[in-house]
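Colleague: Take a look at the following structure, please.
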Amino acid sequence: MSKKTKQRIAFNLMVVVALSIGLIILLRTDLRGAGGQGQQKVIDKARTENEVVQFSEIKVSQKAVEPGKAFDNDDEEWAGKFFLKVKNVSDKPIVYLKVFVNFPESRATGAMMSYPIVLGQMPGSKFPQFHDPIFLLPGESLEIPVAQNHEKMKSFVEQGKLPLRNIHKVELEVAFVVFADKIGWSAGIFKRQNPNNPDRYDPIPSGARQ
C-alpha cells in the first residue's frame with residue numbers, strides 16, 4: 001500500500017469520526033430539547049392598557065426573572081412552580097382578582113391553554129364563593145399561589161396533549177379585577193356591575209367612570 005493511499009484512508013477516517021461526533025452532539029441536543037431541558041425559558045406579560053395591577057416580582061428556583069428575557073432552568077416542571085407577586089397600581093382597594101397563566105406553545109395542539117388563578121370574592125355573586133376574601137390596598141402587593149396549583153395546572157395543560165416538561169414559555173395576564181366600590185376592570189376597560197345580574201359587568205362609556 002502506497003504512502004499516498006494510506007494518507008487518503010487516514011483522512012477519510014478523520015472525516016468519518018468528525019461527522020460522527022457532530023451527529024452525536026446534534027442528537028443529544030434534540031433529546032434534551034424534547035425533554036424540556038436544554039432550551040431557554042421565558043416568562044412574558046400580556047400587554048394591556050390602563051393597567052390597574054402589575055406583576056411586581058417573578059422568581060424561578062429562587063432567582064429573579066425579568067419578563068420577556070430568556071433564562072436557563074433545568075427543572076422540567078418549572079412552568080408550574082415559579083414565584084409570582086402582583087401590585088395594586090390603581091387608586092382603589094381590590095377585592096377580587098383573576099390571573100391567567102397562559103401557555104402559548106399549546107396552540108400547536110389546539111387552542112391556547114390558560115390556567116386561571118382566583119383570589120378574593122366577587123361582590124354579590126349568585127354563585128358560591130370558595131376563596132378567602134382579599135382587600136388589596138393601593139400600592140400593596142400580593143403573592144399569587146402558582147406553586148400551590150402545580151398539580152392541577154399540570155393536569156390542565158396536559159389535557160391539551162402537551163406535557164408540562166415541554167413548556168418553554170409562559171405568559172402572565174391579569175384577566176379580571178373588581179374593586180371595593182364594585183367597579184370592574186378587564187383588558188384595559190373599566191366596567192360597572194349590572195344591577196340586575198351581579199355576575200355581569202358592563203363597559204363604562206369613556207369619560208363616565210366615577
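In the C-alpha cells, each chain is lettered A, B, ... as it comes, each chain's residues begin at 1, and ligands are numbered from 1 in order of appearance.
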Show which residues sit within 7 Å of Lys45 in chain A, as a ChimeraX atom specification. Count only C-alpha atoms, and ignore same-chain residues fewer than 6 positions away.
Modeller: /A:67,171-173
Colleague: From a backbone DSSP assignment, name each residue in range 96-177 of chain A labelled strand (DSSP E), as an mmCIF file with C-alpha atoms, in the first residue's frame.
Modeller:
```
data_model
loop_
_atom_site.group_PDB
_atom_site.id
_atom_site.type_symbol
_atom_site.label_atom_id
_atom_site.label_comp_id
_atom_site.auth_asym_id
_atom_site.auth_seq_id
_atom_site.Cartn_x
_atom_site.Cartn_y
_atom_site.Cartn_z
ATOM 1 C CA TYR A 96 -61.352 40.216 43.556
ATOM 2 C CA LEU A 97 -58.547 39.248 41.207
ATOM 3 C CA LYS A 98 -58.277 36.650 38.445
ATOM 4 C CA VAL A 99 -54.912 35.954 36.821
ATOM 5 C CA PHE A 100 -54.343 33.732 33.797
ATOM 6 C CA VAL A 101 -51.184 31.676 33.368
ATOM 7 C CA ASN A 102 -51.120 31.234 29.577
ATOM 8 C CA PHE A 103 -49.204 28.554 27.678
ATOM 9 C CA MET A 113 -54.407 26.724 27.335
ATOM 10 C CA SER A 114 -54.970 29.415 30.001
ATOM 11 C CA TYR A 115 -54.975 28.355 33.642
ATOM 12 C CA PRO A 116 -56.990 30.694 35.947
ATOM 13 C CA ILE A 117 -55.906 31.550 39.489
ATOM 14 C CA VAL A 118 -58.561 33.398 41.517
ATOM 15 C CA LEU A 119 -58.161 35.386 44.725
ATOM 16 C CA GLY A 120 -60.878 37.155 46.699
ATOM 17 C CA SER A 141 -48.522 43.633 46.786
ATOM 18 C CA LEU A 142 -49.955 40.135 46.968
ATOM 19 C CA GLU A 143 -48.453 36.705 46.220
ATOM 20 C CA ILE A 144 -50.188 34.619 43.571
ATOM 21 C CA LYS A 169 -42.730 29.881 27.525
ATOM 22 C CA VAL A 170 -45.356 31.187 29.950
ATOM 23 C CA GLU A 171 -47.396 34.354 29.578
ATOM 24 C CA LEU A 172 -48.953 36.145 32.554
ATOM 25 C CA GLU A 173 -52.229 38.001 32.176
ATOM 26 C CA VAL A 174 -54.404 39.988 34.583
ATOM 27 C CA ALA A 175 -57.803 38.745 33.455
ATOM 28 C CA PHE A 176 -60.328 40.462 35.738
ATOM 29 C CA VAL A 177 -60.318 42.835 38.701
#
```
Colleague: Using DSSP on the backbone, list every residue of range 29-210 of chain A that comes out as alpha helix (DSSP H), and give them as JSON, numbers by chain.
Modeller: {"A": [29, 30, 31, 32, 33, 34, 150, 151, 152, 153, 154, 155, 156, 157, 158]}
Colleague: What's around Arg200 in chain A at 10 Å? Count only C-alpha atoms, leave out sequence neighbours fewer than 6 positions away in its own chain, and write the answer as a list in words.
Modeller: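 Selected residues are Ser125, Gly184, Lys191, Arg192, Gln193 and Asn194 of chain A.
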Colleague: Skipping near chain neighbours, those fewer than 2 positions away, what residues fall within 9 Å of Val42 in chain A using only C-alpha atoms, listed as a list in words?
Modeller: Gln40, Asp44, Val65, Glu66, Pro67, Gly68, Lys69, Ala70, Phe71, Asp72, His168, Lys169, Val170 and Glu171 of chain A
Colleague: For Ser90 in chain A, find every residue with an atom within 7 Å (counting only C-alpha atoms), except residues of its own chain fewer than 2 positions away, and show them as a PyMOL selection string.
Modeller: chain A and resi 52+88+92+138
Colleague: Ranking A:Pro93, A:Pro195, A:Gly80, A:Pro163 by minimum distance to His150 in chain A and counting only C-alpha atoms, which one comes first?
Modeller: A:Gly80
Colleague: To one decimal place, how far is CA of Gln54 in chain A from CA of Phe82 in chain A in Å?
Modeller: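 These atoms are spaced 16.5 Å apart.
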Colleague: At a cut-off of 10 Å, can you tabulate as a Markdown table every residue of range 38-82 of chain A near range 152-158 of chain A together with its closest atom pair and the distance in Å to one decimal, using only C-alpha atoms and ordering rows by chain then number?
Modeller:
```
| residue | atom | partner | partner_atom | distance |
| --- | --- | --- | --- | --- |
| A:Glu77 | CA | A:Lys154 | CA | 8.4 |
| A:Ala79 | CA | A:Lys154 | CA | 8.9 |
| A:Gly80 | CA | A:Met153 | CA | 6.6 |
| A:Lys81 | CA | A:Met153 | CA | 9.8 |
```
Colleague: May I have the residues within 9 Å of Pro123 in chain A as an NGL selection string, using only C-alpha atoms and disregarding those fewer than 3 positions away in the same chain?
Modeller: :A and (95-96 or 178 or 180 or 182 or 198-199)
